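In what follows, a single structure is set out as structure tokens and then discussed.
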Amino acid sequence: MRKRRKWLVTVLSALTIIALVAGCSGKNSNSGKPADQNGNTAEPPATEANSEGPKLYEIGKEPLNITLFGNYDWYTMPKWGDDPTTKWVQDNKKITVTEVPNGGNAAQKLNTMIASGELPDIVWGERGTDVERLREAGLLVPLDDYIDKYPNLKKWLDPKALNMLRSPDGKLYQFPNWYTNRPNGNAGWVVNKEYYTALGSPKLETTDDLYAYLKQVKEKYPNVIPFETDLATEGHGLDQIYSAFKEDNMGFGRFFAVPDGEDKMKSIYKDEPYRESVVYAAKLFREGLMTQDAFTQTRDQVDEKLINGRVAVYATANPTVYAMAADTELRKKDPSNPDLGYFMIWPIHKEGLDKNKIYPGTYNKLGWNAAVITTSAKDPEAVFAFLDWWTGPEGTTLQFWGVEGEYWQGLEADGYTPKFTEKYATQKDKLAEYQKFMDPLMWVGNTVFADDTKGKYESTLAENERNWATYWQYQITWKTQGDATEFVNMPPSPDSEAGIAFQRAKDIWDQVRAQTLFTKSDEEVLALLDKAYDDTMAAGFQATLDHFAKKWGENKAMINGN
């Protein structure tokens with residue numbers, strides 16, 4: 001989802017986003033055990049895979065060198081073996097993963113590799129058009145023969161989600177990342193405690209409340225940004241405002257379309273709540289209540305503002321990740337002052353709407369993106385075995401809590417859940433930094449195992465000992481994310497009529513979304529939206545809407561088991 005850190009965003013939605021929530025799907029308990037510093041693991045319970053079943057590739061028996069390409073311009077992989085965890089994997093499991101750099105232009109690099117026929121073992125990126133392009137060219141390895149042989153993905157992934165990952169030929173090519181069977185997500189609203197307390201802790205629930213509060217902030221604190229959007233180019237902040245004006249809002253702007261009844265889609269420019277939200281956002285911008293560089297700032301610049309306390313209200317797709325670090329830094333300035341730091345509020349909503357049907361963010365059971373194995377892999381089963389191990393309990397434990405001895409020591413009675421040490425609670429900031437470093441290596445994140453493991457332990461800690469992000473996930477974010485599984489795999493093939501129109505619609509969308517903020521009146525905003533509708537439809541967008549409606553219907557049928 002996004003430029004530079006969409007990965008971190010969703011990742012820490014599983015790393016510090018990881019909290020409780022019950023149970024896990026599947027009946028097997030044959031996942032690998034976390035390893036200790038000496039590379040020892042207890043034997044898993046006997047299963048088809050490790051007794052009389054099909055012969056498996058044995059991780060660690062021989063050196064395995066894997067090449068990986070991150071299909072995002074912003075993606076850069078830490079060098080494998082340069083940190084204690086991947087060095088442990090290299091030494092004890094004989095696995096080395098080497099990045100094929102994208103050079104800051106992933107699309108061009110991928111095209112070059114396809115043309116040359118020299119692909120890496122793994123391509124990691126968005127599900128959808130690039131995956132299907134590789135599949136149609138015969139460059140991907142089906143995973144169906146492997147998934148039943150290896151224990152982890154089939155245990156932790158919802159079977160319906162697995163089926164939704166299948167390509168039109170009925171085969172499975174994609175190994176999902178951050179797949180889940182329950183609500184998760186971090187999107188929402190964060191408030192600076194210092195300014196809020198100083199201004200009398202006013203009611204902050206509706207869009208009217210928010211507007212009044214931002215005006216107070218601007219008047220009392222002229223050097224503070226009343227409302228910070230984060231990267232508006234990616235919809236952050238603006239999507240959360242849109243969510244406030246519509247119940248059960250799952251679409252936001254990613255399709256430039258919204259449901260129209262039960263079986264049709266219409267242009268987003270004809271969606272009245274969306275139009276209201278754009279008028280509202282433009283008003284905030286016009287009156288200096290919103291950051292004035294919403295469309296030009298970098299992620300680092302947003303971090304700087306948060307860490308220095310120059311933000312009063314912050315809304316984005318993943319505020320827990322960045323507000324957590326900022327909260328820590330602000331509290332360090334005066335640990336005795338209880339009014340320093342950030343806290344989250346229930347999502348803002350328009351007066352008259354049901355606050356419990358407002359979703360500032362969404363999740364889907366398929367997770368975020370996926371890894372595919374190419375036909376260039378010398379031993380595709382070995383590559384799959386690595387991914388399956390990496391997504392299992394042992395691999396996930398290493399990614400989140402490192403090797404045994406610091407944050408965990410020994411295993412619980414189930415044979416694979418780590419027993420956490422005191423350092424887990426007393427060195428929260430250090431652990432968060434470790435997880436932040438590891439997040440570019442979390443290609444096949446296991447949301448359920450991570451959430452359950454961390455959540456069960458955090459529930460035993462005092463409130464002030466819990467991770468900031470985890471606490472607010474318990475309290476708010478996981479309760480306020482919408483299930484958008486029925487809207488996965490929607491984009492059409494880029495070479496189709498619907499796909500070409502979709503790209504034209506995106507170009508129009510990118511332009512008009514910025515233009516509306518710089519308007520001088522509500523009427524000018526609405527005129528721009530009307531023109532965007534006319535231009536989009538003239539570009540053939542009806543074909544795209546028809547495609548969306550068809551895919552939406554197919555998704556719902558699959559979810560319902562039809």
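Each chain in the structure tokens gets a letter, A, B and so on, in the order shown; residues start at 1 in every chain, and ligands are counted from 1 in the order they appear.
Residues of region 115-292 of chain A that DSSP, applied to the backbone, places in strand (DSSP E): Ile122, Val123, Trp124, Gly125, Gln174, Phe175, Pro176, Gly188, Trp189, Val190, Val191, Asn192, Ile225, Pro226, Phe227, Glu228, Ala257, Val258, Pro259, Asp260, Lys264, Met265, Lys266 and Ser267 of chain A.
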With C-alpha atoms retained, could you export that selection as an mmCIF file, in the first residue's frame?
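Final output, selection_28.cif:
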data_model
loop_
_atom_site.group_PDB
_atom_site.id
_atom_site.type_symbol
_atom_site.label_atom_id
_atom_site.label_comp_id
_atom_site.auth_asym_id
_atom_site.auth_seq_id
_atom_site.Cartn_x
_atom_site.Cartn_y
_atom_site.Cartn_z
ATOM 1 C CA ILE A 122 11.377 -14.244 -5.113
ATOM 2 C CA VAL A 123 9.490 -11.144 -6.208
ATOM 3 C CA TRP A 124 7.811 -9.453 -3.259
ATOM 4 C CA GLY A 125 5.198 -6.739 -3.767
ATOM 5 C CA GLN A 174 1.143 -16.021 -4.013
ATOM 6 C CA PHE A 175 2.470 -16.465 -0.481
ATOM 7 C CA PRO A 176 0.608 -13.750 1.461
ATOM 8 C CA GLY A 188 -7.127 6.359 13.404
ATOM 9 C CA TRP A 189 -6.771 9.609 15.264
ATOM 10 C CA VAL A 190 -4.013 10.684 17.667
ATOM 11 C CA VAL A 191 -4.103 13.721 19.964
ATOM 12 C CA ASN A 192 -1.256 15.585 21.659
ATOM 13 C CA ILE A 225 0.116 22.398 13.342
ATOM 14 C CA PRO A 226 -3.521 21.889 14.333
ATOM 15 C CA PHE A 227 -4.087 18.851 12.067
ATOM 16 C CA GLU A 228 -1.326 16.716 10.582
ATOM 17 C CA ALA A 257 -15.382 4.167 -6.971
ATOM 18 C CA VAL A 258 -17.834 3.129 -4.250
ATOM 19 C CA PRO A 259 -20.586 0.500 -3.999
ATOM 20 C CA ASP A 260 -23.953 1.482 -5.443
ATOM 21 C CA LYS A 264 -23.070 -2.057 -8.825
ATOM 22 C CA MET A 265 -20.304 0.491 -8.458
ATOM 23 C CA LYS A 266 -20.361 4.206 -9.125
ATOM 24 C CA SER A 267 -17.793 6.970 -9.387
#
Going by DSSP on the backbone, which bits of region 100-158 of chain A are alpha helix (DSSP H)? Write them as a count of residues only, please. 28
I'd like the interatomic distance between CA of Trp390 (chain A) and CA of Val444 (chain A), to a tenth of an Å. 7.1 Å
All residues 12 Å or closer to Pro84 (chain A), only C-alpha atoms, same chain fewer than 2 positions away omitted, as an mmCIF file with N, CA and C atoms, in the first residue's frame:
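Result written to result_21.cif:
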data_model
loop_
_atom_site.group_PDB
_atom_site.id
_atom_site.type_symbol
_atom_site.label_atom_id
_atom_site.label_comp_id
_atom_site.auth_asym_id
_atom_site.auth_seq_id
_atom_site.Cartn_x
_atom_site.Cartn_y
_atom_site.Cartn_z
ATOM 1 N N GLN A 37 20.202 -19.866 21.164
ATOM 2 C CA GLN A 37 21.431 -19.282 20.626
ATOM 3 C C GLN A 37 22.350 -20.325 19.999
ATOM 4 N N LYS A 79 21.242 -5.634 4.781
ATOM 5 C CA LYS A 79 22.117 -6.710 4.312
ATOM 6 C C LYS A 79 22.016 -7.910 5.233
ATOM 7 N N TRP A 80 21.668 -9.018 4.647
ATOM 8 C CA TRP A 80 21.489 -10.257 5.402
ATOM 9 C C TRP A 80 22.827 -10.681 6.026
ATOM 10 N N GLY A 81 22.780 -10.992 7.332
ATOM 11 C CA GLY A 81 23.973 -11.440 8.033
ATOM 12 C C GLY A 81 24.689 -10.353 8.788
ATOM 13 N N ASP A 82 24.258 -9.095 8.605
ATOM 14 C CA ASP A 82 24.914 -7.990 9.291
ATOM 15 C C ASP A 82 24.320 -7.707 10.673
ATOM 16 N N THR A 86 19.665 -12.303 11.545
ATOM 17 C CA THR A 86 19.906 -12.936 10.243
ATOM 18 C C THR A 86 21.266 -13.638 10.219
ATOM 19 N N LYS A 87 22.206 -13.164 11.037
ATOM 20 C CA LYS A 87 23.489 -13.875 11.163
ATOM 21 C C LYS A 87 23.248 -15.239 11.801
ATOM 22 N N TRP A 88 22.362 -15.289 12.786
ATOM 23 C CA TRP A 88 22.010 -16.565 13.413
ATOM 24 C C TRP A 88 21.375 -17.496 12.377
ATOM 25 N N VAL A 89 20.462 -16.965 11.569
ATOM 26 C CA VAL A 89 19.813 -17.784 10.545
ATOM 27 C C VAL A 89 20.850 -18.280 9.546
ATOM 28 N N GLN A 90 21.762 -17.418 9.197
ATOM 29 C CA GLN A 90 22.806 -17.776 8.237
ATOM 30 C C GLN A 90 23.702 -18.884 8.791
ATOM 31 N N ASP A 91 24.056 -18.748 10.071
ATOM 32 C CA ASP A 91 24.975 -19.710 10.676
ATOM 33 C C ASP A 91 24.297 -21.029 11.027
ATOM 34 N N ASN A 92 23.055 -20.956 11.502
ATOM 35 C CA ASN A 92 22.399 -22.141 12.020
ATOM 36 C C ASN A 92 21.445 -22.816 11.042
ATOM 37 N N LEU A 398 11.864 -15.138 15.759
ATOM 38 C CA LEU A 398 13.150 -14.521 15.464
ATOM 39 C C LEU A 398 12.967 -13.103 14.922
ATOM 40 N N GLN A 399 12.000 -12.912 14.051
ATOM 41 C CA GLN A 399 11.785 -11.603 13.440
ATOM 42 C C GLN A 399 11.323 -10.563 14.453
ATOM 43 N N TRP A 401 11.330 -10.962 18.110
ATOM 44 C CA TRP A 401 11.951 -10.920 19.428
ATOM 45 C C TRP A 401 13.376 -11.435 19.454
ATOM 46 N N GLY A 402 13.944 -11.637 18.297
ATOM 47 C CA GLY A 402 15.343 -11.990 18.221
ATOM 48 C C GLY A 402 15.656 -13.407 18.664
ATOM 49 N N VAL A 403 16.955 -13.710 18.798
ATOM 50 C CA VAL A 403 17.373 -15.038 19.234
ATOM 51 C C VAL A 403 17.169 -15.165 20.737
ATOM 52 N N GLU A 404 17.125 -16.374 21.184
ATOM 53 C CA GLU A 404 16.865 -16.640 22.598
ATOM 54 C C GLU A 404 17.943 -16.042 23.487
ATOM 55 N N GLU A 406 17.618 -12.760 25.206
ATOM 56 C CA GLU A 406 17.415 -11.368 25.596
ATOM 57 C C GLU A 406 15.957 -11.088 25.922
ATOM 58 N N TYR A 434 14.292 -2.627 17.489
ATOM 59 C CA TYR A 434 14.666 -3.890 16.850
ATOM 60 C C TYR A 434 13.620 -4.298 15.819
ATOM 61 N N PHE A 437 13.743 -2.217 12.740
ATOM 62 C CA PHE A 437 14.842 -2.615 11.861
ATOM 63 C C PHE A 437 14.479 -3.871 11.070
ATOM 64 N N MET A 438 13.785 -4.797 11.721
ATOM 65 C CA MET A 438 13.473 -6.085 11.085
ATOM 66 C C MET A 438 12.330 -5.991 10.085
#
Surrounding residues of Trp346 (chain A) excluding itself and chain neighbours under 2 positions, 10 Å, only C-alpha atoms, as number ranges by chain: A: 188-190, 204-206, 344, 348-349, 355-356, 358, 360, 475-477, 479-480
Show me a table, sorted first by chain and then by increasing residue number, of the residues of region 463-539 of chain A having an atom at most 12 Å from region 271-293 of chain A, each with its shortest atom pair and the distance in Å to one decimal, counting only C-alpha atoms and written as CSV.
residue,atom,partner,partner_atom,distance
A:Val512,CA,A:Val278,CA,10.5
A:Arg513,CA,A:Val278,CA,8.4
A:Ala514,CA,A:Ala282,CA,9.6
A:Gln515,CA,A:Ala282,CA,9.4
A:Thr516,CA,A:Ala282,CA,6.3
A:Leu517,CA,A:Ala282,CA,4.4
A:Phe518,CA,A:Arg286,CA,7.0
A:Thr519,CA,A:Ala282,CA,7.0
A:Lys520,CA,A:Arg286,CA,7.1
A:Ser521,CA,A:Lys283,CA,8.0
A:Asp522,CA,A:Val279,CA,5.8
A:Glu523,CA,A:Val279,CA,8.7
A:Glu524,CA,A:Val279,CA,9.3
A:Val525,CA,A:Val279,CA,6.3
A:Leu526,CA,A:Arg275,CA,7.1
A:Ala527,CA,A:Arg275,CA,10.5
A:Leu528,CA,A:Arg275,CA,10.5
A:Leu529,CA,A:Arg275,CA,7.6
A:Asp530,CA,A:Arg275,CA,9.8
A:Ala532,CA,A:Arg275,CA,11.9
A:Tyr533,CA,A:Asp271,CA,10.7
Selected residue, from A:Glu329, A:Asp208, A:Asp239, A:Glu381, that lies nearest to Tyr57 (chain A) when counting only C-alpha atoms: A:Glu381
Determine the nearest neighbour of Ala323 (chain A) from the options A:Thr417, A:Asn308, A:Asn65, A:Thr536, counting only C-alpha atoms. A:Asn308
